[in-house]
$ cat input_12.cif   # mmCIF, C-alpha atoms
data_final
#
loop_
_atom_site.label_atom_id
_atom_site.label_comp_id
_atom_site.auth_asym_id
_atom_site.auth_seq_id
_atom_site.Cartn_x
_atom_site.Cartn_y
_atom_site.Cartn_z
CA MET X 143 28.80 16.24 -25.40
CA ARG X 144 26.34 15.72 -22.56
CA LYS X 145 27.42 13.03 -20.13
CA MET X 146 25.06 10.92 -18.09
CA LYS X 147 25.65 8.36 -15.40
CA TRP X 148 24.10 4.93 -15.91
CA THR X 149 22.74 5.00 -12.34
CA ASP X 150 20.95 8.30 -13.10
CA ILE X 151 19.36 6.79 -16.21
CA GLN X 152 18.24 3.78 -14.16
CA SER X 153 16.82 6.04 -11.48
CA CYS X 154 14.90 8.16 -14.07
CA ARG X 155 13.53 5.01 -15.66
CA ARG X 156 12.32 3.73 -12.28
CA VAL X 157 10.58 7.02 -11.47
CA HIS X 158 8.97 7.04 -14.93
CA LEU X 159 7.77 3.44 -14.56
CA LEU X 160 6.34 4.09 -11.10
CA ASP X 161 4.53 7.13 -12.43
CA MET X 162 3.08 5.04 -15.28
CA MET X 163 1.93 2.38 -12.82
CA ARG X 164 0.22 4.96 -10.62
CA ARG X 165 -1.58 6.31 -13.70
CA GLU X 166 -2.34 2.72 -14.75
CA ALA X 167 -0.75 3.60 -18.07
CA LEU X 168 1.45 0.54 -18.30
CA LYS X 169 -0.27 -1.28 -21.13
CA ARG X 170 0.83 -3.21 -24.16
CA LEU X 171 1.05 -0.73 -27.00
CA PRO X 172 0.40 -2.47 -30.31
CA ARG X 173 3.03 -1.62 -32.88
CA THR X 174 1.53 -1.31 -36.32
CA ARG X 175 4.53 0.20 -38.08
CA PRO X 176 6.30 -2.49 -40.12
CA ARG X 177 9.97 -3.15 -39.46
CA ASP X 178 12.53 -3.17 -42.21
CA PRO X 179 12.86 -6.81 -43.47
CA ASP X 180 16.63 -6.80 -42.91
CA GLU X 181 16.14 -5.55 -39.35
CA GLU X 182 13.52 -8.23 -38.74
CA ARG X 183 15.85 -10.94 -40.06
CA ALA X 184 18.70 -9.69 -37.85
CA LEU X 185 16.47 -9.60 -34.76
CA SER X 186 15.21 -13.09 -35.49
CA GLN X 187 18.78 -14.34 -35.82
CA ILE X 188 19.63 -12.87 -32.41
CA VAL X 189 16.68 -14.69 -30.81
CA GLN X 190 17.73 -17.98 -32.43
CA THR X 191 21.35 -17.55 -31.36
CA ARG X 192 20.42 -16.72 -27.76
CA TRP X 193 18.18 -19.77 -27.52
CA GLU X 194 20.85 -22.07 -28.96
CA ARG X 195 23.41 -20.59 -26.56
CA TRP X 196 21.16 -21.28 -23.58
CA LEU X 197 20.89 -24.92 -24.66
CA ALA X 198 24.53 -25.38 -25.68
CA SER X 199 25.92 -23.83 -22.49
CA GLY X 200 23.67 -25.96 -20.29
CA LYS X 201 21.99 -22.87 -18.89
CA LEU X 202 18.71 -24.42 -19.97
CA VAL X 203 18.22 -28.18 -19.87
CA ILE X 204 15.00 -29.62 -21.22
CA LEU X 205 14.48 -32.62 -18.95
CA GLU X 206 11.04 -33.43 -20.36
CA PRO X 207 8.85 -31.46 -22.79
CA ARG X 208 7.08 -29.74 -19.87
CA ARG X 209 9.89 -29.90 -17.31
CA TRP X 210 12.95 -27.71 -17.70
CA ARG X 211 15.94 -26.83 -15.53
CA LEU X 212 17.31 -23.30 -15.70
CA ARG X 213 20.60 -22.18 -14.21
CA LEU X 214 20.52 -18.64 -12.91
CA GLY X 215 23.55 -16.39 -12.87
CA SER X 216 24.42 -14.59 -16.10
CA LYS X 217 28.01 -14.11 -15.01
CA SER X 218 28.74 -17.83 -14.85
CA GLU X 219 27.29 -18.19 -18.35
CA GLU X 220 29.62 -15.45 -19.61
CA ILE X 221 32.64 -17.24 -18.15
CA SER X 222 31.78 -20.65 -19.56
CA ARG X 223 31.23 -19.30 -23.07
CA MET C 131 20.56 -18.56 -4.32
CA ASP C 132 21.25 -15.78 -1.79
CA VAL C 133 22.43 -13.15 -4.26
CA VAL C 134 19.76 -11.23 -6.17
CA PRO C 135 20.34 -11.99 -9.88
CA GLU C 136 21.48 -9.01 -11.96
CA ASP C 137 19.69 -10.06 -15.12
CA ILE C 138 16.08 -8.84 -15.07
CA LEU C 139 14.53 -12.07 -16.41
CA GLU C 140 16.47 -14.16 -13.89
CA ARG C 141 15.53 -11.78 -11.09
CA ARG C 142 11.86 -12.08 -12.00
CA LEU C 143 12.07 -15.88 -12.02
CA TRP C 144 13.92 -15.80 -8.70
CA VAL C 145 11.12 -13.67 -7.20
CA LEU C 146 8.44 -15.86 -8.76
CA ALA C 147 10.09 -18.95 -7.26
CA GLN C 148 9.85 -17.35 -3.80
CA LEU C 149 6.21 -16.50 -4.39
CA THR C 150 5.53 -20.04 -5.67
CA ASN C 151 7.12 -21.46 -2.55
CA ARG C 152 5.04 -19.25 -0.24
CA LEU C 153 1.77 -20.00 -2.06
CA ALA C 154 2.41 -23.76 -2.24
CA GLN C 155 1.42 -24.01 1.43
CA ALA C 156 -2.05 -22.72 0.49
CA GLY C 157 -2.26 -25.05 -2.53
CA ILE C 158 -1.94 -22.15 -5.00
CA ARG C 159 0.30 -22.39 -8.05
CA PRO C 160 1.11 -19.00 -9.59
CA ILE C 161 1.69 -19.25 -13.34
CA LEU C 162 3.83 -16.92 -15.40
CA VAL C 163 2.00 -15.49 -18.41
CA GLY C 164 2.41 -12.52 -20.78
CA GLY C 165 5.62 -10.81 -21.80
CA THR C 166 7.88 -12.39 -19.20
CA ALA C 167 6.70 -15.82 -20.42
CA VAL C 168 7.67 -14.73 -23.96
CA ALA C 169 11.05 -13.69 -22.55
CA LEU C 170 11.54 -17.13 -20.98
CA TYR C 171 10.60 -18.94 -24.20
CA THR C 172 12.99 -16.75 -26.21
CA ALA C 173 16.00 -16.93 -23.87
CA GLY C 174 15.50 -13.40 -22.58
CA SER C 175 15.20 -11.75 -25.99
CA TYR C 176 11.86 -10.09 -25.26
CA PHE C 177 11.64 -7.05 -23.00
CA THR C 178 8.64 -6.06 -20.93
CA ALA C 179 8.13 -3.64 -18.06
CA ASP C 180 6.31 -5.95 -15.69
CA MET C 181 5.73 -9.58 -14.78
CA ASP C 182 2.21 -10.95 -15.22
CA ILE C 183 1.12 -13.93 -13.22
CA VAL C 184 -2.12 -15.83 -12.88
CA ALA C 185 -3.04 -17.00 -9.37
CA SER C 186 -6.29 -18.69 -8.37
CA ASN C 187 -6.49 -16.67 -5.15
CA ARG C 188 -5.59 -13.03 -5.77
CA ARG C 189 -5.93 -12.04 -2.12
CA LEU C 190 -3.46 -14.63 -0.86
CA ALA C 191 -1.06 -13.87 -3.72
CA ALA C 192 -1.21 -10.16 -2.86
CA GLN C 193 -0.63 -10.94 0.80
CA ALA C 194 2.43 -13.05 -0.06
CA LEU C 195 3.80 -10.28 -2.29
CA GLN C 196 3.32 -7.79 0.54
CA GLU C 197 5.21 -10.08 2.92
CA MET C 198 8.03 -10.17 0.39
CA GLY C 199 8.26 -6.37 0.48
CA PHE C 200 6.10 -5.43 -2.52
CA GLN C 201 3.97 -2.28 -2.34
CA PRO C 202 0.73 -1.66 -4.26
CA GLU C 203 0.93 0.84 -7.16
CA GLY C 204 -2.30 0.93 -9.18
CA ARG C 205 -2.83 -2.55 -10.61
CA HIS C 206 0.78 -3.49 -9.87
CA TRP C 207 2.82 -4.69 -6.95
CA VAL C 208 6.21 -3.03 -6.96
CA HIS C 209 9.44 -3.97 -5.19
CA GLN C 210 11.67 -0.89 -5.22
CA GLU C 211 14.92 -2.63 -4.30
CA TRP C 212 14.55 -5.50 -6.75
CA ASP C 213 13.11 -3.17 -9.42
CA ILE C 214 10.27 -5.55 -10.19
CA ALA C 215 6.60 -4.89 -10.90
CA VAL C 216 4.10 -7.72 -10.70
CA GLU C 217 0.54 -7.75 -11.98
CA ILE C 218 -2.06 -10.44 -11.34
CA PRO C 219 -4.34 -9.83 -14.34
CA ASP C 220 -6.43 -12.96 -13.86
CA THR C 221 -7.29 -15.82 -11.54
CA ASP C 222 -7.82 -18.35 -14.34
CA LEU C 223 -5.23 -19.46 -16.85
CA ALA C 224 -6.23 -18.73 -20.45
CA GLY C 225 -5.10 -22.16 -21.55
CA ASP C 226 -4.59 -25.75 -20.53
CA PRO C 227 -3.02 -26.30 -17.06
CA LYS C 228 -1.65 -29.65 -18.31
CA ARG C 229 0.52 -27.80 -20.82
CA VAL C 230 2.15 -25.59 -18.20
CA VAL C 231 5.95 -25.93 -18.08
CA GLN C 232 7.66 -26.49 -14.74
CA VAL C 233 11.04 -24.76 -14.60
CA GLU C 234 13.39 -25.98 -11.89
CA LEU C 235 15.94 -23.54 -10.48
CA PRO C 236 19.33 -24.50 -8.99
CA ASP C 237 18.25 -24.15 -5.35
CA GLY C 238 15.51 -26.75 -5.82
CA SER C 239 12.72 -24.19 -6.13
CA CYS C 240 10.62 -23.94 -9.26
CA VAL C 241 8.35 -21.68 -11.28
CA TYR C 242 5.45 -22.51 -13.57
CA CYS C 243 4.98 -20.98 -17.00
CA ILE C 244 2.03 -21.03 -19.40
CA GLY C 245 2.42 -23.61 -22.17
CA VAL C 246 3.99 -22.24 -25.33
CA GLU C 247 0.90 -23.20 -27.37
CA ASP C 248 -1.37 -21.03 -25.19
CA LEU C 249 1.17 -18.21 -25.19
CA LEU C 250 1.21 -18.38 -28.99
CA ILE C 251 -2.58 -18.09 -29.05
CA ASP C 252 -2.32 -14.98 -26.84
CA ARG C 253 0.14 -13.34 -29.24
CA LEU C 254 -1.87 -14.39 -32.31
CA ASN C 255 -4.99 -12.86 -30.78
CA ALA C 256 -3.16 -9.59 -30.13
CA ALA C 257 -1.75 -9.62 -33.66
CA VAL C 258 -5.18 -10.14 -35.21
CA HIS C 259 -7.41 -8.05 -32.97
CA TRP C 260 -5.06 -5.14 -32.29
CA ARG C 261 -3.32 -5.44 -35.65
CA SER C 262 -0.10 -5.55 -33.65
CA LEU C 263 2.85 -6.35 -35.90
CA GLU C 264 5.13 -6.76 -32.92
CA ASP C 265 2.89 -9.50 -31.50
CA ARG C 266 2.84 -11.12 -34.95
CA ARG C 267 6.64 -11.07 -34.97
CA TRP C 268 6.91 -12.66 -31.51
CA ALA C 269 4.32 -15.30 -32.38
CA LYS C 270 6.52 -16.16 -35.35
CA GLU C 271 9.64 -16.32 -33.15
CA LEU C 272 7.89 -18.66 -30.70
CA LEU C 273 6.66 -20.83 -33.55
CA LYS C 274 10.13 -20.97 -35.08
CA LEU C 275 12.01 -21.77 -31.86
CA HIS C 276 9.51 -24.33 -30.55
CA ASN C 277 8.25 -25.71 -33.85
CA ARG C 278 9.40 -29.26 -33.15
CA SER C 279 8.14 -29.53 -29.58
CA LEU C 280 4.69 -27.97 -30.03
CA ASP C 281 1.50 -29.91 -29.51
CA ARG C 282 0.34 -29.09 -33.03
CA GLU C 283 -3.06 -30.70 -32.79
CA TYR C 284 -3.90 -28.66 -29.69
CA LEU C 285 -2.46 -25.42 -31.10
CA TRP C 286 -4.27 -25.65 -34.44
CA SER C 287 -7.53 -26.62 -32.74
CA ARG C 288 -7.33 -23.65 -30.34
CA ALA C 289 -6.37 -21.32 -33.18
CA GLN C 290 -9.53 -22.40 -35.02
CA GLN C 291 -11.68 -21.80 -31.91
CA GLU C 292 -10.15 -18.35 -31.39
CA GLY C 293 -10.43 -17.28 -35.02
CA VAL C 294 -6.68 -16.91 -35.57
CA LEU C 295 -6.13 -19.99 -37.75
CA GLY C 296 -5.43 -17.93 -40.87
CA LEU C 297 -2.54 -16.08 -39.24
CA LEU C 298 -1.16 -19.27 -37.67
CA ASN C 299 -1.08 -20.97 -41.09
CA GLU C 300 0.54 -17.88 -42.59
CA LEU C 301 3.27 -17.84 -39.92
CA GLN C 302 3.82 -21.59 -40.20
CA SER C 303 4.31 -21.18 -43.92
CA GLU C 304 6.83 -18.35 -43.34
CA VAL C 305 8.69 -20.42 -40.72
CA SER C 306 8.82 -23.47 -42.99
CA GLY C 307 10.15 -21.25 -45.78
CA THR C 308 12.90 -19.97 -43.49
CA ASP C 309 13.85 -23.53 -42.51
CA GLU C 310 14.20 -24.47 -46.18
CA GLU C 311 16.41 -21.41 -46.79
CA ASP C 312 18.59 -22.46 -43.85
CA GLU C 313 18.91 -25.96 -45.27
CA VAL C 314 20.00 -24.60 -48.67
CA ASP C 315 22.65 -22.42 -46.97
#

$ encode --input "input_12.cif" --output "structure tokens"
Amino acid sequence: MRKMKWTDIQSCRRVHLLDMMRREALKRLPRTRPRDPDEERALSQIVQTRWERWLASGKLVILEPRRWRLRLGSKSEEISR
Amino acid sequence: MDVVPEDILERRLWVLAQLTNRLAQAGIRPILVGGTAVALYTAGSYFTADMDIVASNRRLAAQALQEMGFQPEGRHWVHQEWDIAVEIPDTDLAGDPKRVVQVELPDGSCVYCIGVEDLLIDRLNAAVHWRSLEDRRWAKELLKLHNRSLDREYLWSRAQQEGVLGLLNELQSEVSGTDEEDEVD
């Protein structure tokens, strides 16, 4: 089995992204291939759960409809969960 | 916050807060738009390679980014150490400035983000004109998560102007159907 270091993957990704930016190739690519309905439901559930977790943990507080407070620091969110 | 956030969405917001602070002196308010705005409205569920912002004065925004250590790369400004790419695609917000959300961060700084209604219109447009199913899916997620807090009159009126009313109604119907299923469960 081929082993790779996470830092090497990150470094490759960065080089690739920079190359794309230089070529001005970083554009939104429209996906026209439909997803499997079960996959779509699962992904939607993840989005919902993440949002509810942000609110429940106090990471995001909606002070007013157009005024929010967001706590940064993913680690502290992990601990409080 | 002195420590650079590990999470990419948080790091982008942290950088945007610094930029917002620098540009405030010149009376410029950079506004988060595009994929990173979708990420904010979906609690970091959406992934995108860069951060798009709208700033009324592109030259001053570019100067501020340069002072922060960003280097130009094509249309982007890239910070190697923070691993962040910023693009300023426009000087005018495609939407209503009054519907922009102000997000306060713990150190007292803040960032501004396009209103969810205008972001929805952006995704609906992409879904209709590019036939992008992924944009359709994210428009549906935004509609589902923010269904109760949306300015519906404004959203439906803009959707009509932009020619995306049919898809908005279709997604609303799907979202309402999902809510009913949830209630039955």

$ resolve_selection --input "input_12.cif" --expression "the PyMOL selection byres ((chain X) within 8 of (chain C))" --output "short mmCIF file (atom, residue, chain, number, x, y, z; two decimals) with C-alpha atoms, in the frame of the given file"
data_model
loop_
_atom_site.label_atom_id
_atom_site.label_comp_id
_atom_site.auth_asym_id
_atom_site.auth_seq_id
_atom_site.Cartn_x
_atom_site.Cartn_y
_atom_site.Cartn_z
CA ARG X 156 12.32 3.73 -12.28
CA LEU X 159 7.77 3.44 -14.56
CA LEU X 160 6.34 4.09 -11.10
CA MET X 163 1.93 2.38 -12.82
CA ARG X 164 0.22 4.96 -10.62
CA ARG X 165 -1.58 6.31 -13.70
CA GLU X 166 -2.34 2.72 -14.75
CA LEU X 168 1.45 0.54 -18.30
CA PRO X 172 0.40 -2.47 -30.31
CA ARG X 173 3.03 -1.62 -32.88
CA THR X 174 1.53 -1.31 -36.32
CA ARG X 175 4.53 0.20 -38.08
CA PRO X 176 6.30 -2.49 -40.12
CA SER X 186 15.21 -13.09 -35.49
CA ILE X 188 19.63 -12.87 -32.41
CA VAL X 189 16.68 -14.69 -30.81
CA GLN X 190 17.73 -17.98 -32.43
CA ARG X 192 20.42 -16.72 -27.76
CA TRP X 193 18.18 -19.77 -27.52
CA TRP X 196 21.16 -21.28 -23.58
CA PRO X 207 8.85 -31.46 -22.79
CA ARG X 208 7.08 -29.74 -19.87
CA ARG X 209 9.89 -29.90 -17.31
CA TRP X 210 12.95 -27.71 -17.70
CA ARG X 211 15.94 -26.83 -15.53
CA LEU X 212 17.31 -23.30 -15.70
CA ARG X 213 20.60 -22.18 -14.21
CA LEU X 214 20.52 -18.64 -12.91
CA GLY X 215 23.55 -16.39 -12.87
CA SER X 216 24.42 -14.59 -16.10
#

$ atom_distance --input "input_12.cif" --atom1 "atom CA of Leu195 of chain C" --atom2 "atom CA of Val216 of chain C"
8.8 Å

$ atom_distance --input "input_12.cif" --atom1 "atom CA of Arg288 of chain C" --atom2 "atom CA of Ala224 of chain C"
11.1 Å

$ atom_distance --input "input_12.cif" --atom1 "atom CA of Val184 of chain C" --atom2 "atom CA of Ile138 of chain C"
19.6 Å

$ residues_around --input "input_12.cif" --residues "Leu190 of chain C" --least-positions-apart "2" --cutoff "12 Å" --atoms "only C-alpha atoms" --output "list in words"
Leu149, Thr150, Arg152, Leu153, Ala154, Gln155, Ala156, Gly157, Ile158, Arg159, Pro160, Ala185, Ser186, Asn187, Arg188, Ala192, Gln193, Ala194, Leu195, Gln196, Glu197, Ile218 and Thr221 of chain C

$ write_last_selection --input "input_12.cif" --atoms "C-alpha atoms" --output "PDB file, in the coordinates of the input"
ATOM      1  CA  LEU C 149       6.210 -16.500  -4.390  1.00  0.00           C
ATOM      2  CA  THR C 150       5.530 -20.040  -5.670  1.00  0.00           C
ATOM      3  CA  ARG C 152       5.040 -19.250  -0.240  1.00  0.00           C
ATOM      4  CA  LEU C 153       1.770 -20.000  -2.060  1.00  0.00           C
ATOM      5  CA  ALA C 154       2.410 -23.760  -2.240  1.00  0.00           C
ATOM      6  CA  GLN C 155       1.420 -24.010   1.430  1.00  0.00           C
ATOM      7  CA  ALA C 156      -2.050 -22.720   0.490  1.00  0.00           C
ATOM      8  CA  GLY C 157      -2.260 -25.050  -2.530  1.00  0.00           C
ATOM      9  CA  ILE C 158      -1.940 -22.150  -5.000  1.00  0.00           C
ATOM     10  CA  ARG C 159       0.300 -22.390  -8.050  1.00  0.00           C
ATOM     11  CA  PRO C 160       1.110 -19.000  -9.590  1.00  0.00           C
ATOM     12  CA  ALA C 185      -3.040 -17.000  -9.370  1.00  0.00           C
ATOM     13  CA  SER C 186      -6.290 -18.690  -8.370  1.00  0.00           C
ATOM     14  CA  ASN C 187      -6.490 -16.670  -5.150  1.00  0.00           C
ATOM     15  CA  ARG C 188      -5.590 -13.030  -5.770  1.00  0.00           C
ATOM     16  CA  ALA C 192      -1.210 -10.160  -2.860  1.00  0.00           C
ATOM     17  CA  GLN C 193      -0.630 -10.940   0.800  1.00  0.00           C
ATOM     18  CA  ALA C 194       2.430 -13.050  -0.060  1.00  0.00           C
ATOM     19  CA  LEU C 195       3.800 -10.280  -2.290  1.00  0.00           C
ATOM     20  CA  GLN C 196       3.320  -7.790   0.540  1.00  0.00           C
ATOM     21  CA  GLU C 197       5.210 -10.080   2.920  1.00  0.00           C
ATOM     22  CA  ILE C 218      -2.060 -10.440 -11.340  1.00  0.00           C
ATOM     23  CA  THR C 221      -7.290 -15.820 -11.540  1.00  0.00           C
TER      24      THR C 221
END

$ residues_around --input "input_12.cif" --residues "Val305 of chain C" --least-positions-apart "3" --cutoff "9 Å" --atoms "only C-alpha atoms" --output "PyMOL selection string"
chain C and resi 270-271+273-274+277+300-302+308-310
